[in-house]
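To be precise, the following lines are my_file10.txt, and they hold compact mmCIF, C-alpha atoms.
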```txt
# COMPACT_ATOMS: atom_id res chain seq x y z
CA MET A 1 0.00 0.00 0.00
CA ILE A 2 1.36 3.43 -0.89
CA SER A 3 0.65 6.66 0.95
CA TYR A 4 -1.48 9.28 -0.69
CA LEU A 5 1.42 11.69 -0.83
CA GLN A 6 3.58 9.13 -2.64
CA TYR A 7 0.54 8.72 -4.84
CA VAL A 8 0.48 12.45 -5.61
CA ILE A 9 4.16 12.35 -6.49
CA ARG A 10 3.81 9.21 -8.56
CA ARG A 11 0.95 10.74 -10.50
CA GLY A 12 2.79 14.03 -11.02
CA GLY A 13 2.09 15.44 -14.48
CA LYS A 14 -0.31 12.69 -15.48
CA PRO A 15 -3.99 13.41 -16.12
CA MET A 16 -5.94 13.13 -12.89
CA ASN A 17 -8.72 10.63 -12.61
CA LYS A 18 -12.02 12.24 -11.61
CA GLN A 19 -13.81 8.92 -11.26
CA LEU A 20 -11.18 7.68 -8.82
CA TYR A 21 -11.56 10.80 -6.68
CA LEU A 22 -15.34 10.52 -6.59
CA GLN A 23 -14.91 6.90 -5.56
CA ARG A 24 -12.98 8.22 -2.56
CA LEU A 25 -16.01 10.30 -1.68
CA VAL A 26 -18.22 7.20 -1.89
CA LEU A 27 -15.69 5.22 0.16
CA LYS A 28 -15.68 7.94 2.83
CA LEU A 29 -19.48 8.13 3.01
CA GLU A 30 -19.58 4.33 3.22
CA THR A 31 -17.35 4.32 6.29
CA HIS A 32 -20.48 5.68 8.01
CA VAL A 33 -23.40 4.20 6.05
CA SER A 34 -23.76 1.76 3.16
CA MET A 35 -25.05 3.14 -0.13
CA PRO A 36 -27.26 1.32 -2.64
CA SER A 37 -25.50 1.06 -6.01
CA ALA A 38 -27.94 3.48 -7.68
CA GLU A 39 -26.91 6.22 -5.20
CA ARG A 40 -23.25 5.39 -5.71
CA GLU A 41 -23.67 5.93 -9.46
CA LYS A 42 -25.28 9.32 -8.84
CA LEU A 43 -22.36 10.39 -6.66
CA LEU A 44 -19.87 9.22 -9.29
CA ASP A 45 -21.64 11.43 -11.84
CA LEU A 46 -21.03 14.65 -9.89
CA PRO A 47 -19.20 17.31 -11.91
CA LEU A 48 -15.71 17.93 -10.58
CA THR A 49 -13.16 20.62 -11.44
CA LEU A 50 -9.75 19.46 -10.30
CA LYS A 51 -7.21 21.82 -8.87
CA ARG A 52 -3.65 21.04 -7.84
CA LEU A 53 -2.43 22.98 -4.81
CA ASP A 54 0.86 23.41 -2.98
CA ALA A 55 1.23 22.93 0.75
CA ASN A 56 -0.03 25.78 2.97
CA GLN A 57 -2.33 27.25 0.34
CA ASP A 58 -5.80 28.53 1.12
CA ILE A 59 -8.74 26.89 -0.64
CA VAL A 60 -11.37 29.26 0.73
CA ARG A 61 -10.85 32.03 3.31
CA GLU A 62 -12.86 33.17 6.28
CA GLY A 63 -15.44 35.76 5.19
CA GLU A 64 -15.61 34.60 1.58
CA LEU A 65 -18.84 33.65 -0.10
CA THR A 66 -18.67 30.36 -1.91
CA LYS A 67 -20.79 28.72 -4.62
CA GLN A 68 -18.94 25.42 -4.66
CA CYS A 69 -17.69 22.85 -2.23
CA CYS A 70 -14.38 21.12 -2.15
CA LEU A 71 -13.70 17.39 -2.21
CA VAL A 72 -10.26 16.49 -0.87
CA ALA A 73 -8.92 14.21 -3.61
CA GLU A 74 -5.31 13.86 -2.49
CA GLY A 75 -3.32 15.32 0.36
CA LEU A 76 -4.17 16.69 3.76
CA VAL A 77 -6.43 19.71 4.29
CA CYS A 78 -7.36 21.57 7.46
CA ARG A 79 -9.90 24.04 8.74
CA TYR A 80 -8.29 26.82 10.73
CA LYS A 81 -8.74 30.21 12.33
CA ILE A 82 -6.16 32.88 13.08
CA VAL A 83 -6.63 34.68 16.40
CA GLY A 84 -5.87 38.33 17.16
CA ASP A 85 -2.17 37.87 17.98
CA GLY A 86 -1.58 35.85 14.79
CA ALA A 87 -1.60 32.37 16.35
CA ARG A 88 -3.29 29.66 14.33
CA GLN A 89 -5.75 27.13 15.69
CA ILE A 90 -6.22 24.13 13.41
CA LEU A 91 -9.84 23.12 13.87
CA SER A 92 -9.97 19.83 11.99
CA LEU A 93 -7.95 17.60 9.68
CA HIS A 94 -9.38 16.29 6.41
CA LEU A 95 -8.32 13.25 4.44
CA PRO A 96 -9.07 12.20 0.85
CA GLY A 97 -12.81 11.65 0.38
CA ASP A 98 -13.83 14.42 2.79
CA ILE A 99 -15.86 17.47 1.75
CA PRO A 100 -14.87 19.77 4.63
CA ASP A 101 -17.04 22.66 3.44
CA ILE A 102 -20.21 20.73 2.63
CA HIS A 103 -22.02 23.03 5.06
CA SER A 104 -21.36 25.94 2.66
CA LEU A 105 -24.32 24.58 0.71
CA LEU A 106 -26.51 26.15 3.40
CA ILE A 107 -24.16 28.64 5.05
CA GLU A 108 -22.44 30.38 2.15
CA ARG A 109 -20.20 32.76 4.03
CA MET A 110 -17.17 30.98 5.48
CA ASP A 111 -16.72 31.49 9.23
CA HIS A 112 -13.25 29.89 9.11
CA SER A 113 -10.63 29.19 6.45
CA LEU A 114 -9.86 25.99 4.63
CA GLY A 115 -6.29 25.33 3.50
CA THR A 116 -3.84 22.62 2.52
CA LEU A 117 -1.17 21.25 4.85
CA THR A 118 0.54 19.17 2.16
CA PRO A 119 0.55 19.34 -1.63
CA ALA A 120 -2.99 18.39 -2.53
CA VAL A 121 -5.49 17.87 -5.27
CA VAL A 122 -9.01 19.11 -4.63
CA GLY A 123 -12.15 18.64 -6.69
CA LEU A 124 -14.51 21.61 -6.75
CA ILE A 125 -18.20 20.71 -7.04
CA PRO A 126 -20.77 23.45 -7.75
CA HIS A 127 -23.38 23.86 -5.01
CA ASP A 128 -26.11 23.59 -7.64
CA ALA A 129 -25.00 20.08 -8.56
CA VAL A 130 -24.86 18.92 -4.92
CA ARG A 131 -28.22 20.56 -4.22
CA ALA A 132 -29.82 18.87 -7.23
CA LEU A 133 -28.44 15.53 -6.10
CA THR A 134 -29.68 15.87 -2.54
CA ARG A 135 -33.14 16.73 -3.90
CA THR A 136 -33.32 13.56 -5.99
CA SER A 137 -31.96 11.26 -3.29
CA TYR A 138 -32.90 11.40 0.36
CA ARG A 139 -30.22 8.76 1.08
CA ILE A 140 -27.48 11.02 -0.26
CA SER A 141 -29.00 13.97 1.53
CA GLU A 142 -28.97 11.99 4.78
CA ALA A 143 -25.42 10.79 4.11
CA PHE A 144 -24.18 14.39 3.85
CA TRP A 145 -26.22 15.35 6.89
CA ARG A 146 -24.69 12.44 8.79
CA GLU A 147 -21.20 13.60 7.75
CA THR A 148 -21.79 17.02 9.28
CA LEU A 149 -23.18 15.46 12.46
CA ILE A 150 -20.15 13.21 12.81
CA GLU A 151 -17.94 16.25 12.18
CA ALA A 152 -19.69 17.87 15.14
CA SER A 153 -19.03 14.78 17.22
CA ILE A 154 -15.32 15.01 16.34
CA TYR A 155 -15.37 18.70 17.34
CA ARG A 156 -16.83 17.74 20.73
CA GLU A 157 -14.02 15.24 21.21
CA TRP A 158 -11.41 17.87 20.28
CA MET A 159 -13.07 20.33 22.67
CA VAL A 160 -12.79 17.79 25.49
CA GLY A 161 -9.14 17.28 24.58
CA ILE A 162 -8.15 20.93 24.44
CA GLY A 163 -10.20 21.79 27.50
CA ARG A 164 -9.49 18.86 29.78
CA ARG A 165 -6.82 16.45 28.56
CA ALA A 166 -3.18 16.81 29.53
CA ALA A 167 -0.71 17.39 26.69
CA PRO A 168 0.55 13.77 26.33
CA SER A 169 -3.03 12.53 26.20
CA ARG A 170 -3.97 15.14 23.57
CA ILE A 171 -1.04 14.18 21.37
CA ALA A 172 -1.74 10.46 21.71
CA HIS A 173 -5.41 11.10 20.93
CA LEU A 174 -4.55 12.86 17.68
CA PHE A 175 -2.46 9.85 16.60
CA CYS A 176 -5.20 7.37 17.53
CA GLU A 177 -7.80 9.36 15.62
CA PHE A 178 -5.59 9.93 12.59
CA ILE A 179 -4.62 6.28 12.14
CA THR A 180 -8.20 5.10 12.76
CA LYS A 181 -9.54 7.45 10.07
CA MET A 182 -6.74 6.54 7.65
CA THR A 183 -7.48 2.85 8.21
CA ALA A 184 -11.19 3.37 7.59
CA ILE A 185 -10.52 4.83 4.13
CA GLY A 186 -7.93 2.20 3.22
CA LEU A 187 -4.81 4.37 3.54
CA SER A 188 -3.38 2.53 6.54
CA ASP A 189 -3.15 -1.07 7.75
CA GLY A 190 -3.99 0.10 11.27
CA VAL A 191 -0.38 -0.11 12.45
CA THR A 192 1.45 2.36 10.29
CA CYS A 193 0.47 5.34 8.16
CA HIS A 194 1.81 8.38 6.43
CA LEU A 195 1.66 11.34 8.82
CA PRO A 196 2.57 14.44 6.83
CA LEU A 197 2.15 16.85 9.77
CA THR A 198 5.00 18.98 11.08
CA GLN A 199 5.40 19.39 14.83
CA PRO A 200 4.21 23.05 14.74
CA GLU A 201 1.11 21.87 12.85
CA ILE A 202 0.35 19.22 15.47
CA ALA A 203 0.89 21.88 18.15
CA ASP A 204 -1.56 24.22 16.34
CA ALA A 205 -4.16 21.48 16.23
CA LEU A 206 -3.80 20.71 19.94
CA GLY A 207 -3.49 24.24 21.30
CA LEU A 208 0.04 23.58 22.60
CA SER A 209 3.28 25.47 22.09
CA THR A 210 5.70 23.72 19.73
CA VAL A 211 8.34 23.34 22.45
CA HIS A 212 5.85 21.80 24.89
CA MET A 213 4.53 19.53 22.16
CA ASN A 214 8.08 18.39 21.22
CA LYS A 215 8.90 17.55 24.83
CA LYS A 216 5.74 15.53 25.37
CA LEU A 217 6.04 13.81 21.99
CA ARG A 218 9.53 12.73 22.99
CA GLU A 219 8.11 11.20 26.19
CA ILE A 220 5.50 9.25 24.19
CA ARG A 221 8.22 7.95 21.88
CA GLU A 222 10.49 7.05 24.81
CA ALA A 223 7.61 5.10 26.35
CA LYS A 224 7.71 2.98 23.15
CA LEU A 225 4.08 3.67 22.27
CA ILE A 226 4.81 4.99 18.77
CA ARG A 227 7.62 5.59 16.35
CA ILE A 228 7.77 8.54 13.94
CA ARG A 229 10.34 8.39 11.19
CA ALA A 230 10.35 10.30 7.91
CA ASN A 231 6.69 11.35 8.18
CA ARG A 232 5.62 7.81 8.96
CA LEU A 233 3.73 7.02 12.15
CA THR A 234 4.01 3.47 13.48
CA VAL A 235 2.02 2.35 16.49
CA LEU A 236 4.12 0.07 18.68
CA ASP A 237 1.61 -0.41 21.49
CA TRP A 238 -1.98 0.31 20.44
CA LYS A 239 -3.53 -0.48 23.84
CA GLY A 240 -0.98 1.66 25.65
CA LEU A 241 -1.49 4.53 23.22
CA CYS A 242 -5.31 4.35 23.53
CA SER A 243 -5.04 4.26 27.29
CA LEU A 244 -2.78 7.32 27.41
CA ALA A 245 -5.05 9.08 24.89
CA ASP A 246 -8.29 8.16 26.67
CA PHE A 247 -9.34 7.15 23.14
CA ASP A 248 -12.65 5.44 22.45
CA PRO A 249 -13.42 5.44 18.70
CA ASP A 250 -17.22 5.46 19.21
CA TYR A 251 -17.40 9.19 18.47
CA LEU A 252 -16.18 8.51 14.91
CA HIS A 253 -19.35 6.46 14.27
CA LEU A 254 -17.62 4.09 11.86
CA GLN A 255 -19.34 1.09 10.32
CA PRO A 256 -17.97 -2.18 11.79
CA ASP A 257 -15.93 -2.91 8.61
CA ALA A 258 -14.30 0.50 8.65
CA ALA A 259 -13.55 0.44 12.36
CA LYS A 260 -11.12 -2.50 12.26
CA ILE A 261 -7.68 -1.76 13.59
CA ALA A 262 -5.17 -4.51 12.88
CA SER A 263 -3.13 -3.92 15.98
CA ASP A 264 -5.64 -4.85 18.68
CA MET B 1 15.77 29.09 11.60
CA PRO B 2 18.23 28.43 14.44
CA CYS B 3 17.70 25.46 16.72
CA TYR B 4 17.26 25.82 20.49
CA PHE B 5 17.32 23.16 23.20
CA PHE B 6 14.97 23.36 26.18
CA HIS B 7 16.27 21.41 29.18
CA THR B 8 13.89 21.19 32.09
CA ARG B 9 14.39 20.49 35.77
CA ASP B 10 11.54 19.36 37.97
CA GLY B 11 12.84 19.24 41.55
CA GLU B 12 15.86 16.97 41.20
CA LYS B 13 14.69 15.42 37.93
CA LEU B 14 16.55 16.71 34.91
CA ASP B 15 15.23 16.26 31.37
CA ILE B 16 17.75 16.92 28.62
CA ASP B 17 16.35 17.98 25.25
CA GLU B 18 18.54 16.40 22.60
CA GLU B 19 16.33 17.17 19.60
CA GLY B 20 15.69 20.88 19.91
CA THR B 21 13.13 23.11 18.25
CA ASP B 22 13.64 25.56 15.38
CA LEU B 23 12.64 29.11 16.31
CA PRO B 24 13.18 32.48 14.60
CA ASP B 25 15.51 34.08 17.18
CA ASP B 26 16.68 34.29 20.82
CA GLN B 27 13.68 36.39 21.86
CA SER B 28 11.25 33.72 20.56
CA ALA B 29 13.29 31.09 22.41
CA ARG B 30 13.04 33.05 25.68
CA ASN B 31 9.29 33.45 25.22
CA ALA B 32 8.97 29.76 24.39
CA ALA B 33 10.83 28.88 27.62
CA LYS B 34 8.40 30.94 29.70
CA GLU B 35 5.46 29.44 27.87
CA LEU B 36 6.82 25.93 28.46
CA LEU B 37 7.32 26.67 32.16
CA ALA B 38 3.75 27.93 32.50
CA ALA B 39 2.42 24.84 30.72
CA LEU B 40 4.49 22.44 32.85
CA ASN B 41 3.35 24.28 35.96
CA ARG B 42 -0.26 23.82 34.94
CA GLU B 43 0.32 20.09 34.40
CA LYS B 44 2.02 19.61 37.75
CA LEU B 45 -0.22 21.79 39.94
CA PRO B 46 -2.63 19.17 41.30
CA ASN B 47 0.21 16.94 42.50
CA GLY B 48 1.32 18.71 45.63
CA ASP B 49 2.05 21.91 47.50
CA HIS B 50 5.71 22.31 46.64
CA MET B 51 7.28 22.52 43.27
CA SER B 52 10.39 23.88 41.71
CA LEU B 53 10.60 23.95 37.94
CA SER B 54 13.17 25.45 35.67
CA VAL B 55 13.83 25.66 31.95
CA THR B 56 17.29 26.29 30.52
CA VAL B 57 17.62 27.35 26.90
CA GLN B 58 20.75 26.35 25.05
CA ASN B 59 21.50 27.54 21.53
CA ALA B 60 22.95 25.44 18.72
CA GLU B 61 26.48 26.51 19.68
CA GLY B 62 25.98 25.06 23.16
CA ALA B 63 25.73 28.38 25.03
CA GLU B 64 23.06 28.70 27.71
CA ILE B 65 21.23 31.86 26.74
CA TYR B 66 18.37 31.90 29.24
CA ILE B 67 17.24 30.27 32.48
CA VAL B 68 13.76 30.69 33.89
CA ASN B 69 12.67 29.34 37.29
CA LEU B 70 9.36 28.87 38.97
CA ARG B 71 8.87 27.97 42.61
CA LEU B 72 5.54 27.16 44.14
CA ASP B 73 4.73 26.77 47.84
CA GLY B 74 1.16 26.06 48.84
CA LEU B 75 0.24 26.56 52.49
CA SER B 76 -2.95 25.21 54.06
CA ALA B 77 -4.75 27.27 56.71
CA ASP B 78 -4.30 24.56 59.40
CA ALA B 79 -0.58 24.14 58.76
CA PRO B 80 1.83 25.73 61.24
CA VAL B 81 2.76 29.21 60.12
CA ALA B 82 6.10 30.69 61.13
CA SER B 83 5.07 34.30 61.62
CA LYS B 84 1.49 35.44 61.96
CA ARG B 85 0.50 39.05 61.63
CA LYS B 86 -0.77 40.43 64.89
CA GLY B 87 -3.55 42.89 65.40
CA ALA B 88 -5.38 42.16 62.15
CA HIS B 89 -9.18 42.08 62.56
```
Please express what this file holds, its structure, as structure tokens.
Amino acid sequence: MISYLQYVIRRGGKPMNKQLYLQRLVLKLETHVSMPSAEREKLLDLPLTLKRLDANQDIVREGELTKQCCLVAEGLVCRYKIVGDGARQILSLHLPGDIPDIHSLLIERMDHSLGTLTPAVVGLIPHDAVRALTRTSYRISEAFWRETLIEASIYREWMVGIGRRAAPSRIAHLFCEFITKMTAIGLSDGVTCHLPLTQPEIADALGLSTVHMNKKLREIREAKLIRIRANRLTVLDWKGLCSLADFDPDYLHLQPDAAKIASD
Amino acid sequence: MPCYFFHTRDGEKLDIDEEGTDLPDDQSARNAAKELLAALNREKLPNGDHMSLSVTVQNAEGAEIYIVNLRLDGLSADAPVASKRKGAH
């Protein structure tokens, strides 16, 4: 299995495959609910304008009005806000198959920004097309609704983490969540996965300073719970990591097939 | 960006930072040391009434450019107090 970033590199310059990217959307939705084949076909017919982006590039900024939503096709995307003194809070991480601004269908003005963390390919889908699709299929409509509800559940978990969990637990939780989500969409075997986040980015997602985050990350590595080498995360002790993280994957609401982690 | 090392001491326990963190300049490193100390303090607070934490910042050349200390002594009302103010109503 290759990582999605290796995939981006390997595909460099070649025509990008829209069908493949829409299949990632279907795969993502199916980690939460199974789709009848007729609905799958409708999703695969969505119009998609592909855009290749560098790392740290904005897709849509806070305050902007938008008439399209963005499917993450390749790479890692985040929602973020910049506070008064210039510090960044990363609000959520988005993997291939996610549509992080699906809510813009109903709330057109962005109340946060959406940007890439790695080189990425995104597929822009006009609101009109998504709206038409949700009107012809209540299952698809419910699937998108479910996505936004699960997003809210993930926000609650992050709120608990930032508000109440100690730094080592927060860091471990991010790793548990990341590898569980990557496994669900077939980009990890549940033991190891590509983790293209820098330490300042992890710190921005967890509300920690980079120095604090580095110190605590070192402690987690020294406890032999994980290994991080060349942007690759390997879980050495899944139970230990979950216990430190206070991680219970229920809030991700994954279907039983998608929730399997090989390292239990 | 230059690399800085943040060694911490918690009571007698020393933690040597061998990896370091890249930061723009000495001033950011000093601020980061104070921020780290405040965060460590917050983590340790519930564990007792006495604490002594310090962070030493070393630059890439090995020079110690900053040391910041924090000492905490909690005193309960029923604990013996050495000198009590008299005449206060």
Next item on the list: Please determine the contact residues of chain B with respect to chain A at a cut-off of 8 Å, counting only C-alpha atoms, and supply them as a VMD selection string.
Entry: chain B and resid 6 17 21 32 to 33 35 to 36 39 43
If you keep C-alpha atoms, can you produce a file of those selected residues as a short mmCIF file (atom, residue, chain, number, x, y, z; two decimals), in the frame of the given file?
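Done, and the output landed in selection.cif:
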```cif
data_model
loop_
_atom_site.label_atom_id
_atom_site.label_comp_id
_atom_site.auth_asym_id
_atom_site.auth_seq_id
_atom_site.Cartn_x
_atom_site.Cartn_y
_atom_site.Cartn_z
CA PHE B 6 14.97 23.36 26.18
CA ASP B 17 16.35 17.98 25.25
CA THR B 21 13.13 23.11 18.25
CA ALA B 32 8.97 29.76 24.39
CA ALA B 33 10.83 28.88 27.62
CA GLU B 35 5.46 29.44 27.87
CA LEU B 36 6.82 25.93 28.46
CA ALA B 39 2.42 24.84 30.72
CA GLU B 43 0.32 20.09 34.40
#
```
Checklist line | Ref. answer, residues at most 8 Å from (-18.7, 17.3, 7.7) with all atoms listed in the file, as a list of chain:residue names | finding: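 Residues with an atom close enough to that point: A:Asp98, A:Ile99, A:Pro100, A:Asp101, A:Ile102, A:His103, A:Phe144, A:Trp145, A:Arg146, A:Glu147, A:Thr148, A:Leu149, A:Ile150, A:Glu151, A:Ala152.
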Item checked: A:Ala129, A:Leu95, A:Asn56, A:Leu252 ranked by distance to Arg156 (chain A), top pick (using only C-alpha atoms) ->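 Nearest to Arg156 (chain A): A:Leu252.
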Notebook entry, point to check: Taking only C-alpha atoms into account, which of B:Val57, B:Leu70, B:Leu23, B:Ala38 comes nearest His7 (chain B)?
Noted result: B:Val57
Next item on the list: Quick one: residues within 9 Å of (-22.0, 10.7, -7.6) (file frame), counting only C-alpha atoms, please, as JSON, numbers by chain.
Entry: {"A": [22, 23, 25, 26, 39, 40, 41, 42, 43, 44, 45, 46, 47, 133]}
Next item on the list: Figure out the distance between CA of Leu48 (chain A) and CA of Glu177 (chain A), please, to one decimal in Å.
Entry: 28.7 Å
Next item on the list: Work out how far CA of Ile82 (chain A) is from CA of Lys181 (chain A), in Å to one decimal.
Entry: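 These atoms are spaced 25.8 Å apart.
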Checklist line | Among listed residues A:Lys216, A:His194, A:Lys81, A:Arg221, nearest Leu40 (chain B) (using all atoms listed in the file) | finding: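 When distances to Leu40 (chain B) are compared using all atoms listed in the file, the smallest one comes from A:Lys216.
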Check: By how many Å are CA of Thr66 (chain A) and CA of Val121 (chain A) apart?
Finding: 18.5 Å
Note to self: Taking 6 positions as the minimum chain separation for residues in the same chain, which residues sit within 10 Å of region 229-236 of chain A when counting all atoms listed in the file? Answer as a list in words.
What the structure shows: Ser3, Phe175, Cys176, Phe178, Ile179, Gly190, Val191, Thr192, Cys193, His194, Leu195, Pro196, Leu197, Thr198, Arg221, Ala223 and Ser263 of chain A
Notebook entry, point to check: Which residues, written as a ChimeraX atom specification, have at least one atom at most 9 Å from Val130 (chain A), with only C-alpha atoms counted and residues fewer than 3 positions away on the same chain left out?
Noted result: /A:46,68-69,105,125-127,133-135
Checklist line | Polymer residues at most 9 Å from His94 (chain A), only C-alpha atoms, same-chain spacing of 5 or more positions, as a PyMOL selection string | finding: chain A and resi 72+75-79+99-100
Note to self: Quick one: residues within 6 Å of Val55 (chain B), only C-alpha atoms, excluding same-chain residues fewer than 4 positions away - as an MDAnalysis selection string?
What the structure shows: chainID B and resid 7:8 67:68
Next item on the list: Would you mind listing what lies within 7 Å of region 242-249 of chain A as a PyMOL selection string, with all atoms listed in the file counted and same-chain residues fewer than 4 positions away left out?
Entry: chain A and resi 169-170+172-173+176+238
